[in-house]
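**Q** Got a structure for you, written out below as structure tokens; questions coming shortly.
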Amino acid sequence: MIKKFLVGMSLLGMVSPTAFAATFTDVSSEHEFAYSVEQLHADGIIGGYGDGTFKPEQTINRAEFLKLVFSTLDPDCTRGQTFSDIEYTSWYAPYLCEALASGAVQGYPDGTFRPAAKINFVEAAKILTTVYIGLDGTTDEEWYMPYVTYLSDANYTPTTIQSFNKEVTRADVVEMIYRLR
């Protein structure tokens with residue numbers, strides 16, 4: 001079932017227009033997600049690095065992911081739950097607080113959030129569909145299936161996603177945000 005599902009997901013890529021003036025030196029007009037990167041940059045949702053790059057193929061950690069998702073939502077740090085591995089004075093604390101308030105994250109059973117851990121596709125799918133769609137993932141299936149099924153059925157899964165546990169890149173995240181908003 002998973003193999004069939006993933007094959008179907010890989011065939012559902014969207015084609016985006018590519019006429020634009022490149023903002024980042026490492027995102028050419030031929031990059032699969034160039035249009036999404038340019039659009040989200042033009043809308044002030046994403047930025048790059050001081051050297052003029054975006055690093056589209058760089059994997060993203062959980063803290064960076066939350067900043068990308070919640071930076072557009074004017075985060076307010078009114079937390080209830082705390083994690084043993086979080087300093088709430090960290091640069092990402094407001095985004096984590098907003099993620100907690102939205103119900104998009106719960107952390108791990110050991111009481112940690114693991115902000116430096118790379119985020120994989122199913123974790124990203126849960127957060128994005130909870131935030132942008134309001135999807136409640138209550139199910140008898142694996143916890144992640146409602147989220148990945150929604151993204152697949154709506155044609156929001158990037159063609160670069162070939163497995164549920166794939167660590168997502170900056171470009172993957174931008175493409176999913178672009179499709180969801």
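For the structure tokens, the naming scheme is as follows: chains receive sequential letters (A, B, ...) according to their order of presentation, residues are indexed from 1 within each chain, and ligands are indexed from 1 in presentation order.
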Please provide the set of residues having any atom within 8 Å of Phe164 (chain A), restricted to only C-alpha atoms, with same-chain residues fewer than 3 positions apart removed, written as an NGL selection string.
**A** :A and (120-122 or 161)
**Q** Name the residues of region 8-164 of chain A that come out as helix (DSSP H, G or I) in a backbone DSSP run; write them as number ranges by chain.
**A** A: 8-10, 34-42, 62-73, 93-102, 121-132, 145-153
**Q** Record the distance separating CA of Phe24 (chain A) and CA of Ala63 (chain A), expressed in Å with one decimal.
**A**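 Going from CA of Phe24 (chain A) over to CA of Ala63 (chain A), I get 22.5 Å.
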**Q** At what distance in Å, to one decimal, does CA of Leu68 (chain A) lie from CA of Leu100 (chain A)?
**A**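 A separation of 15.1 Å between them.
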**Q** Point out the residue among A:His41, A:Lys126, A:Lys67, A:Lys55 with the least atom-to-atom distance to Gln106 (chain A), counting only C-alpha atoms.
**A**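 That would be A:Lys126, the residue with the smallest distance to Gln106 (chain A).
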**Q** List as a compact mmCIF listing (two decimals) with C-alpha atoms, in the first residue's frame the protein and nucleic acid residues near Met176 (chain A), meaning an atom at most 9 Å away when only C-alpha atoms are counted, but skip any in the same chain fewer than 3 places from it.
**A**
```
# COMPACT_ATOMS: atom_id res chain seq x y z
CA SER A 36 7.38 28.95 -5.74
CA ALA A 125 2.65 17.22 6.29
CA LEU A 128 1.24 22.21 7.24
CA LEU A 151 -1.54 16.54 0.35
CA TYR A 156 0.27 19.42 -2.98
CA THR A 157 3.04 16.85 -2.55
CA PRO A 158 6.26 17.90 -4.31
CA ALA A 171 12.68 23.93 -1.60
CA ASP A 172 10.30 21.10 -0.65
CA VAL A 173 8.86 23.19 2.18
CA ARG A 179 0.51 25.11 -2.93
CA LEU A 180 -1.37 25.31 0.38
CA ARG A 181 -1.81 29.05 0.68
```
**Q** A:Ala34, A:Val148, A:Val174, A:Ile127: which is nearest Ala104 (chain A), counting only C-alpha atoms?
**A** A:Ile127
**Q** Please report the interatomic distance between CA of Glu141 (chain A) and CA of Pro115 (chain A) in Å with one decimal.
**A**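 Result for CA of Glu141 (chain A) versus CA of Pro115 (chain A): 26.7 Å, one decimal.
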